[in-house]
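Printed here is work_29.csv (CSV, C-alpha atoms):
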chain,number,residue,atom,x,y,z
A,15,MET,CA,0.0,0.0,0.0
A,16,ILE,CA,1.3,3.5,-0.9
A,17,ASN,CA,2.5,5.6,2.0
A,18,PRO,CA,-0.1,8.3,2.8
A,19,ILE,CA,2.5,11.1,2.9
A,20,ILE,CA,3.8,10.0,-0.5
A,21,LYS,CA,0.3,9.6,-1.9
A,22,LYS,CA,-0.6,13.2,-1.0
A,23,ASP,CA,2.6,14.4,-2.7
A,24,ILE,CA,1.8,12.4,-5.9
A,25,GLU,CA,-1.8,13.7,-6.0
A,26,ASN,CA,-0.2,17.2,-6.0
A,27,ILE,CA,2.3,16.2,-8.7
A,28,VAL,CA,-0.5,14.9,-11.0
A,29,LYS,CA,-2.7,18.0,-10.4
A,30,ARG,CA,0.2,20.3,-11.3
A,31,LEU,CA,1.1,18.4,-14.4
A,32,GLY,CA,-2.4,18.5,-15.8
A,33,ASN,CA,-3.1,17.1,-19.2
A,34,SER,CA,0.6,16.8,-20.2
A,35,VAL,CA,0.6,13.3,-18.6
A,36,ASN,CA,-1.6,12.1,-21.4
A,37,LYS,CA,1.5,11.7,-23.5
A,38,LEU,CA,2.4,8.7,-21.3
A,39,SER,CA,-0.8,6.9,-22.2
A,40,GLY,CA,0.0,3.5,-23.8
A,41,LYS,CA,3.7,4.1,-23.7
A,42,ARG,CA,6.6,2.2,-22.1
A,43,THR,CA,9.0,3.9,-19.8
A,44,LEU,CA,12.4,2.7,-18.5
A,45,ILE,CA,13.6,4.2,-15.3
A,46,THR,CA,17.1,3.5,-13.9
A,47,GLY,CA,17.7,3.9,-10.2
A,48,ALA,CA,14.1,3.1,-9.8
A,49,SER,CA,14.3,2.5,-6.0
A,50,GLY,CA,16.2,5.7,-5.2
A,51,LEU,CA,14.7,8.9,-3.8
A,52,ILE,CA,14.0,10.4,-7.2
A,53,GLY,CA,13.3,7.1,-9.0
A,54,SER,CA,10.7,5.9,-6.5
A,55,TYR,CA,8.7,9.1,-7.0
A,56,LEU,CA,8.8,8.7,-10.7
A,57,VAL,CA,7.7,5.1,-10.6
A,58,GLU,CA,4.9,5.7,-8.1
A,59,THR,CA,3.6,8.7,-10.0
A,60,ILE,CA,3.2,6.6,-13.2
A,61,ALA,CA,1.7,3.8,-11.1
A,62,TYR,CA,-0.8,6.2,-9.6
A,63,LEU,CA,-1.7,7.6,-13.1
A,64,ASN,CA,-2.5,4.0,-14.1
A,65,SER,CA,-4.3,2.8,-11.0
A,66,GLU,CA,-6.5,5.9,-11.0
A,67,LYS,CA,-7.2,5.5,-14.7
A,68,ILE,CA,-6.0,9.0,-15.4
A,69,LEU,CA,-4.3,7.6,-18.5
A,70,SER,CA,-6.7,6.2,-21.1
A,71,THR,CA,-4.2,3.2,-21.5
A,72,PRO,CA,-1.7,2.3,-18.8
A,73,CYS,CA,1.9,3.3,-19.2
A,74,LYS,CA,4.1,0.3,-18.6
A,75,VAL,CA,7.2,0.9,-16.5
A,76,THR,CA,10.4,-1.1,-16.3
A,77,GLY,CA,12.5,-0.1,-13.3
A,78,LEU,CA,16.2,-1.0,-13.1
A,79,GLN,CA,18.0,-0.9,-9.7
A,80,LYS,CA,20.9,-2.8,-8.3
A,81,SER,CA,19.0,-4.4,-5.4
A,82,VAL,CA,16.0,-6.7,-5.5
A,83,ILE,CA,12.8,-5.0,-4.5
A,84,ALA,CA,11.6,-6.7,-1.3
A,85,LYS,CA,7.9,-7.3,-0.6
A,86,ASN,CA,8.1,-5.2,2.6
A,87,SER,CA,10.0,-2.3,1.0
A,88,ARG,CA,8.6,1.0,-0.2
A,89,LEU,CA,7.9,-0.2,-3.7
A,90,GLY,CA,6.9,-3.7,-2.6
A,91,TYR,CA,3.2,-3.0,-3.0
A,92,LEU,CA,3.8,-2.7,-6.8
A,93,LEU,CA,5.5,-6.1,-7.3
A,94,ASP,CA,2.3,-8.0,-8.4
A,95,ARG,CA,1.2,-5.4,-10.9
A,96,LYS,CA,1.2,-6.1,-14.6
A,97,ASP,CA,2.0,-2.5,-15.5
A,98,ILE,CA,5.2,-2.3,-13.3
A,99,GLN,CA,8.3,-4.5,-13.8
A,100,PHE,CA,11.4,-4.4,-11.6
A,101,ILE,CA,14.7,-5.8,-12.7
A,102,SER,CA,17.8,-6.1,-10.7
A,103,HIS,CA,20.5,-4.6,-12.9
A,104,ASN,CA,23.5,-2.3,-12.6
A,105,ALA,CA,22.7,0.7,-14.8
A,106,ALA,CA,26.4,1.1,-15.7
A,107,ASP,CA,26.0,-2.0,-17.9
A,108,PRO,CA,23.9,-2.1,-21.1
A,109,TYR,CA,20.4,-3.4,-20.8
A,110,SER,CA,18.3,-4.8,-23.7
A,111,PRO,CA,14.6,-4.3,-23.2
A,112,SER,CA,12.3,-7.1,-24.3
A,113,SER,CA,9.9,-4.5,-25.8
A,114,LYS,CA,10.5,-1.1,-27.5
A,115,ILE,CA,10.8,1.7,-25.0
A,116,ASP,CA,9.3,5.1,-25.6
A,117,TYR,CA,10.7,7.1,-22.7
A,118,ILE,CA,13.9,6.7,-20.6
A,119,ILE,CA,14.9,8.4,-17.4
A,120,HIS,CA,18.4,7.8,-16.2
A,121,SER,CA,18.3,8.6,-12.5
A,122,ALA,CA,20.7,5.9,-11.2
A,123,GLY,CA,23.9,7.1,-9.5
A,124,ASP,CA,25.6,7.5,-6.2
A,125,SER,CA,25.2,11.2,-5.4
A,126,ALA,CA,26.1,11.0,-1.7
A,127,PRO,CA,29.8,12.0,-1.2
A,128,ALA,CA,30.4,9.1,1.2
A,129,PHE,CA,29.4,6.7,-1.5
A,130,PHE,CA,31.3,8.1,-4.5
A,131,LEU,CA,34.4,8.5,-2.3
A,132,ALA,CA,34.2,4.8,-1.5
A,133,ASP,CA,33.7,3.7,-5.1
A,134,PRO,CA,34.8,6.6,-7.4
A,135,LEU,CA,35.1,4.3,-10.5
A,136,GLY,CA,31.6,3.0,-9.9
A,137,ALA,CA,30.3,6.5,-9.8
A,138,ILE,CA,32.0,7.3,-13.1
A,139,ASP,CA,30.8,4.1,-14.7
A,140,VAL,CA,27.1,4.6,-13.9
A,141,ASN,CA,27.2,8.3,-15.0
A,142,VAL,CA,29.2,7.9,-18.2
A,143,ASN,CA,28.7,4.3,-19.4
A,144,GLY,CA,25.1,4.3,-18.2
A,145,ILE,CA,24.1,7.2,-20.3
A,146,ARG,CA,26.1,6.0,-23.2
A,147,TRP,CA,24.2,2.7,-23.7
A,148,ILE,CA,20.9,4.6,-23.2
A,149,LEU,CA,21.8,7.1,-25.9
A,150,GLU,CA,22.8,4.3,-28.2
A,151,TYR,CA,19.5,2.6,-27.6
A,152,ALA,CA,17.6,5.9,-28.2
A,153,LYS,CA,19.5,6.5,-31.4
A,154,LYS,CA,18.6,3.1,-32.9
A,155,ASN,CA,15.0,2.9,-31.7
A,156,ASN,CA,13.4,6.2,-32.5
A,157,ILE,CA,12.6,6.9,-28.9
A,158,GLU,CA,10.3,9.8,-27.9
A,159,SER,CA,12.4,11.3,-25.1
A,160,VAL,CA,15.4,10.7,-22.8
A,161,LEU,CA,15.9,12.5,-19.5
A,162,TYR,CA,19.4,12.5,-18.0
A,163,MET,CA,19.6,13.3,-14.3
A,164,SER,CA,22.8,15.3,-14.1
A,165,SER,CA,23.5,17.4,-11.0
A,166,GLY,CA,24.0,20.9,-9.7
A,167,GLU,CA,27.4,19.6,-8.8
A,168,ILE,CA,28.6,20.2,-12.4
A,169,TYR,CA,29.0,23.9,-11.5
A,170,GLY,CA,31.5,23.0,-8.7
A,171,ASN,CA,32.1,26.0,-6.4
A,172,PRO,CA,30.6,29.0,-8.3
A,173,THR,CA,32.3,32.4,-8.1
A,174,PRO,CA,30.3,35.0,-6.1
A,175,GLU,CA,29.2,36.8,-9.3
A,176,ASN,CA,27.7,33.6,-10.6
A,177,ILE,CA,25.3,33.1,-7.7
A,178,PRO,CA,22.4,32.5,-8.2
A,179,THR,CA,23.9,30.1,-10.8
A,180,PRO,CA,22.4,30.0,-14.3
A,181,GLU,CA,22.6,27.2,-16.8
A,182,THR,CA,25.0,29.4,-18.9
A,183,TYR,CA,27.7,29.2,-16.2
A,184,ASN,CA,30.5,26.9,-17.2
A,185,GLY,CA,31.5,25.9,-13.8
A,186,ASN,CA,34.5,26.0,-11.4
A,187,VAL,CA,35.4,22.4,-11.0
A,188,SER,CA,38.7,20.7,-10.2
A,189,THR,CA,39.6,17.5,-12.0
A,190,LEU,CA,42.0,16.6,-9.2
A,191,SER,CA,39.9,16.5,-6.0
A,192,LEU,CA,38.0,14.0,-4.0
A,193,ARG,CA,34.7,15.2,-5.5
A,194,SER,CA,36.0,15.1,-9.1
A,195,PRO,CA,34.8,11.5,-10.0
A,196,TYR,CA,31.2,12.5,-9.5
A,197,ALA,CA,31.2,16.1,-10.8
A,198,SER,CA,33.5,15.5,-13.8
A,199,SER,CA,31.7,12.3,-14.9
A,200,LYS,CA,28.4,14.2,-14.8
A,201,ARG,CA,29.9,16.9,-17.0
A,202,LEU,CA,31.2,14.3,-19.5
A,203,ALA,CA,27.8,12.6,-19.5
A,204,GLU,CA,26.2,16.0,-20.4
A,205,THR,CA,28.7,16.3,-23.2
A,206,LEU,CA,27.6,12.8,-24.5
A,207,CYS,CA,24.0,14.0,-24.4
A,208,PHE,CA,24.9,17.0,-26.4
A,209,VAL,CA,26.9,15.0,-29.0
A,210,TYR,CA,24.1,12.5,-29.5
A,211,PHE,CA,21.6,15.3,-29.9
A,212,GLU,CA,23.7,17.3,-32.3
A,213,LYS,CA,24.9,14.3,-34.4
A,214,TYR,CA,22.0,11.9,-34.2
A,215,LYS,CA,19.1,14.1,-33.1
A,216,VAL,CA,18.4,12.0,-30.1
A,217,PRO,CA,15.6,13.8,-28.1
A,218,VAL,CA,17.6,14.0,-24.8
A,219,LYS,CA,17.1,16.6,-22.1
A,220,ILE,CA,19.4,17.3,-19.2
A,221,ALA,CA,18.1,17.9,-15.7
A,222,ARG,CA,20.5,19.5,-13.1
A,223,PRO,CA,18.9,18.8,-9.7
A,224,PHE,CA,20.0,20.7,-6.7
A,225,ILE,CA,19.9,19.0,-3.3
A,226,VAL,CA,16.6,17.1,-3.7
A,227,TYR,CA,15.3,15.6,-0.5
A,228,GLY,CA,12.1,14.1,0.9
A,229,PRO,CA,10.5,10.7,1.7
A,230,GLY,CA,13.0,8.0,0.7
A,231,LEU,CA,16.0,10.0,1.8
A,232,ASP,CA,18.6,7.4,3.0
A,233,ILE,CA,19.4,8.6,6.5
A,234,SER,CA,22.5,6.4,6.5
A,235,ASP,CA,24.2,8.1,3.5
A,236,ARG,CA,26.2,10.5,5.6
A,237,ARG,CA,25.0,13.7,3.9
A,238,VAL,CA,24.2,16.6,6.2
A,239,MET,CA,20.4,16.4,6.1
A,240,ALA,CA,20.5,12.6,6.5
A,241,ASP,CA,22.7,12.8,9.5
A,242,PHE,CA,20.6,15.5,11.1
A,243,ILE,CA,17.3,13.6,10.6
A,244,ARG,CA,18.8,10.4,11.9
A,245,ASN,CA,19.9,12.2,15.1
A,246,GLY,CA,16.4,13.8,15.3
A,247,LEU,CA,14.6,10.5,15.0
A,248,GLU,CA,16.8,9.0,17.8
A,249,GLY,CA,16.1,12.0,20.0
A,250,LYS,CA,19.7,13.0,20.1
A,251,PRO,CA,21.1,16.6,19.8
A,252,ILE,CA,22.8,17.2,16.5
A,253,GLU,CA,26.6,17.5,16.6
A,254,MET,CA,27.9,19.5,13.7
A,255,LEU,CA,31.3,19.1,12.1
A,256,ASN,CA,31.7,22.9,11.7
A,257,GLU,CA,29.7,26.0,12.5
A,258,GLY,CA,27.3,25.4,9.6
A,259,LYS,CA,27.6,28.8,8.0
A,260,ASP,CA,27.5,27.4,4.4
A,261,THR,CA,24.1,28.0,2.7
A,262,ARG,CA,22.0,25.8,0.6
A,263,SER,CA,18.7,25.9,-1.4
A,264,TYR,CA,16.9,22.6,-0.8
A,265,CYS,CA,14.3,21.3,-3.1
A,266,TYR,CA,11.5,19.0,-1.9
A,267,VAL,CA,11.1,15.9,-4.1
A,268,LEU,CA,7.5,16.8,-5.0
A,269,ASP,CA,8.5,20.1,-6.6
A,270,ALA,CA,11.5,18.4,-8.4
A,271,THR,CA,9.3,15.5,-9.7
A,272,VAL,CA,6.9,18.0,-11.3
A,273,ALA,CA,9.9,19.6,-13.1
A,274,PHE,CA,11.3,16.2,-14.2
A,275,PHE,CA,8.1,15.2,-15.9
A,276,GLN,CA,7.6,18.6,-17.5
A,277,LEU,CA,11.0,18.3,-19.0
A,278,LEU,CA,10.7,14.7,-20.1
A,279,LEU,CA,7.4,15.4,-21.9
A,280,SER,CA,8.6,18.6,-23.6
A,281,GLN,CA,10.5,19.3,-26.8
A,282,LYS,CA,13.4,21.0,-25.1
A,283,ASN,CA,15.9,18.6,-26.7
A,284,GLY,CA,19.6,19.2,-26.2
A,285,GLU,CA,19.0,21.7,-23.4
A,286,ALA,CA,19.9,21.7,-19.7
A,287,PHE,CA,17.7,23.0,-16.9
A,288,ASN,CA,18.4,23.7,-13.2
A,289,ILE,CA,15.8,21.7,-11.2
A,290,ALA,CA,15.6,23.3,-7.8
A,291,SER,CA,13.8,25.6,-5.4
A,292,ASP,CA,14.6,29.2,-4.8
A,293,LEU,CA,12.0,29.7,-2.1
A,294,GLU,CA,14.6,29.9,0.7
A,295,GLU,CA,18.3,29.9,1.1
A,296,VAL,CA,19.2,28.5,4.5
A,297,SER,CA,22.4,27.8,6.4
A,298,ILE,CA,23.2,24.3,7.4
A,299,TYR,CA,23.0,25.4,11.0
A,300,ASP,CA,19.4,26.6,10.3
A,301,VAL,CA,18.5,23.1,9.0
A,302,ALA,CA,19.9,21.6,12.2
A,303,GLN,CA,17.7,24.0,14.2
A,304,LEU,CA,14.6,23.1,12.2
A,305,VAL,CA,15.2,19.3,12.8
A,306,HIS,CA,15.5,20.0,16.6
A,307,LYS,CA,12.3,21.9,16.4
A,308,ILE,CA,10.3,19.3,14.5
A,309,CYS,CA,11.7,16.4,16.6
A,310,ASN,CA,11.2,18.3,19.8
A,311,ILE,CA,14.8,18.1,20.9
A,312,LYS,CA,15.3,20.6,23.7
A,313,GLU,CA,19.1,20.6,23.8
A,314,GLU,CA,21.1,23.1,21.8
A,315,VAL,CA,22.8,22.1,18.5
A,316,LYS,CA,26.4,21.3,19.2
A,317,VAL,CA,29.5,22.2,17.2
A,318,GLU,CA,32.2,19.6,17.3
A,319,LYS,CA,34.9,20.5,14.8
A,320,GLN,CA,36.3,17.4,13.0
A,321,ASP,CA,38.1,16.6,9.8
A,322,ALA,CA,35.7,15.0,7.3
A,323,LYS,CA,36.9,14.2,3.9
A,324,PHE,CA,33.5,13.9,2.4
A,325,ILE,CA,32.7,17.6,3.0
A,326,GLN,CA,36.1,18.9,1.7
A,327,GLY,CA,35.7,20.9,-1.5
A,328,ALA,CA,32.0,21.4,-1.0
A,329,PRO,CA,30.7,24.8,-2.2
A,330,SER,CA,30.1,27.4,0.5
A,331,ARG,CA,26.9,28.6,-1.2
A,332,VAL,CA,24.5,26.7,-3.3
A,333,MET,CA,21.8,28.8,-4.9
A,334,PRO,CA,20.5,28.0,-8.4
A,335,ASP,CA,18.9,30.4,-10.9
A,336,ILE,CA,15.7,28.7,-12.1
A,337,THR,CA,14.5,31.5,-14.4
A,338,LYS,CA,14.8,29.3,-17.4
A,339,LEU,CA,12.6,26.6,-15.8
A,340,ARG,CA,10.0,29.2,-14.8
A,341,LYS,CA,9.8,30.7,-18.3
A,342,ALA,CA,9.7,27.3,-20.1
A,343,PHE,CA,7.1,25.6,-17.9
A,344,GLY,CA,5.6,28.1,-15.5
A,345,TYR,CA,7.4,26.1,-12.8
A,346,LYS,CA,6.8,27.3,-9.3
A,347,PRO,CA,8.2,25.4,-6.2
A,348,GLU,CA,5.7,25.3,-3.4
A,349,VAL,CA,7.1,23.3,-0.5
A,350,GLY,CA,9.4,25.2,1.9
A,351,ILE,CA,12.2,23.7,3.9
A,352,GLU,CA,10.3,23.4,7.2
A,353,GLU,CA,7.2,21.7,5.6
A,354,GLY,CA,9.5,19.5,3.5
A,355,LEU,CA,11.4,18.4,6.6
A,356,LYS,CA,8.2,17.7,8.5
A,357,ARG,CA,7.0,15.3,5.7
A,358,THR,CA,10.4,13.7,5.4
A,359,ILE,CA,10.7,13.1,9.1
A,360,GLY,CA,7.1,12.0,9.3
A,361,TRP,CA,7.7,9.4,6.5
A,362,ASN,CA,10.7,8.0,8.3
A,363,ARG,CA,8.7,7.7,11.5
A,364,LEU,CA,6.0,5.7,9.7
A,365,VAL,CA,8.6,3.4,8.2
A,366,GLN,CA,10.2,2.8,11.6
A,367,LYS,CA,6.8,1.9,13.1
A,368,LEU,CA,6.2,-0.6,10.2
A,369,ASN,CA,9.6,-2.2,10.7

File written out as structure tokens:
Amino acid sequence: MINPIIKKDIENIVKRLGNSVNKLSGKRTLITGASGLIGSYLVETIAYLNSEKILSTPCKVTGLQKSVIAKNSRLGYLLDRKDIQFISHNAADPYSPSSKIDYIIHSAGDSAPAFFLADPLGAIDVNVNGIRWILEYAKKNNIESVLYMSSGEIYGNPTPENIPTPETYNGNVSTLSLRSPYASSKRLAETLCFVYFEKYKVPVKIARPFIVYGPGLDISDRRVMADFIRNGLEGKPIEMLNEGKDTRSYCYVLDATVAFFQLLLSQKNGEAFNIASDLEEVSIYDVAQLVHKICNIKEEVKVEKQDAKFIQGAPSRVMPDITKLRKAFGYKPEVGIEEGLKRTIGWNRLVQKLN
């Protein structure tokens, strides 16, 4: 059964997408990283469109993910459906669909620094090799649309005059740093998308998500928000590795998913779009304070300065310019950081009760 918090989000997504979703009717969609934070919302949105008969003919989904989908997992309720198929497969390796695919979304990838630091070559492979076989398939099979999930990380650490950061900014990225395997492979993957569009007219679009969070966030992935929420759920005061003065613009997954589908179903081929929220720019310390508030932790946030390799090289300010997205689709983020954190923490509490 679908989680009630996620169901409410998906109802909002479908309402905001309007009649554009009709393009999915009777089509086949392949989604890599299907069990991830973003992938799960994409799969569950299409499943909802089918079950509620919003589409005149169901859209069939093939979800690829490394792990096997367990019956008691988030997506387990979809296992017995004819319109949804899950296949355990590493998206870095080519996959041959049994039926022609109309839409592909490549959302697989290890975006958490702790993960790509542990397996930098794996991060490169899924970003570069993964999109390469997808683009080859699209070239040969007259596909309707490909959406590549790049990242706001491709900009590196923008110079002050390039914040808010527009899509035209070329980036400030080192090729010789601990974060390079992820950021540089995302940049190469974007170049591959551009080449296949220019040379073969493959209808590929590039999404550059900025710090997407929400239900499904892996609270063990060692990113700042995940660590904070884990502490909050355990009722422990947050201990920060520095004073938390760096600022971020966080995007709740509902808002991001609306933009992903808008882009996938558009004709904006060969283009890149920042997918983000500009509702608020908050410090990391502010996020810690909000988690304390939501989880009713009375103690103060602590600052315990430590050396952490996975935060070295992180930008001091992350604030995207989403003017292009607004003009193209009338996009307007709606969920602020406090409400988004409440839903994310609420979802995790429900999961803990079930387990």

- Message: Residues within 12 Å of (24.4, 11.7, 6.2), file coordinates, counting only C-alpha atoms: what are they? Give the list as a ChimeraX atom specification.
- Response: /A:125-129,227,231-245,252,254-255,322,324-325

- Pick from A:Ala152, A:Ile119, A:Ile145, A:Leu304, whichever lies nearest to Lys356 (chain A) using only C-alpha atoms: A:Leu304

- Non-local contacts of Leu268 (chain A) (9 Å; only C-alpha atoms; under 4 positions in same chain excluded) as a list in words: Ile20, Asp23, Ile24, Asn26, Ile27, Tyr55, Gly228, Val272, Ala273, Pro347, Glu348 and Val349 of chain A

- Query: Using only C-alpha atoms, which residues sit within 12 Å of region 189-200 of chain A once same-chain residues fewer than 6 positions away are excluded, as number ranges by chain?
  - Reply: A: 120-146, 162-171, 206-207, 220-223, 322-329

- Query: Which distance in Å separates CA of Pro251 (chain A) and CA of Glu352 (chain A), to one decimal?
  - Reply: 17.9 Å

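Nearest to Asn156 (chain A) of all the residues A:Glu253, A:Asp116, A:Glu314, A:Asp269 is A:Asp116, counting all atoms listed in the file.
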
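All protein, DNA and RNA residues at most 6 Å from (24.0, 22.7, 10.1) are Gly258, Ile298, Tyr299, Val301 and Ala302 of chain A, using all atoms listed in the file.
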
- Item | Within 9 Å of Ala61 (chain A) using all atoms listed in the file, minus same-chain residues under 3 positions, as a list in words |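 Everything that qualifies: Leu56, Val57, Glu58, Asn64, Ser65, Glu66, Pro72, Cys73, Lys74, Val75, Leu92, Asp97 and Ile98 of chain A.
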
- Which residue out of A:Lys367, A:Arg331, A:Arg357, A:Lys154 has the minimum interatomic distance to Pro174 (chain A) when all atoms listed in the file are used? A:Arg331

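Each of A:Asn310, A:Ser330, A:Thr337, A:Ser280 was compared to Val296 (chain A) using all atoms listed in the file, and A:Ser330 turns out to be the nearest.
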
- Using all atoms listed in the file, which of the listed residues (A:Leu247, A:Ser159, A:Ala106, A:Ile101) sits closest to Ala84 (chain A)?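 Checking each of A:Leu247, A:Ser159, A:Ala106, A:Ile101 against Ala84 (chain A), counting all atoms listed in the file, the winner is A:Ile101.
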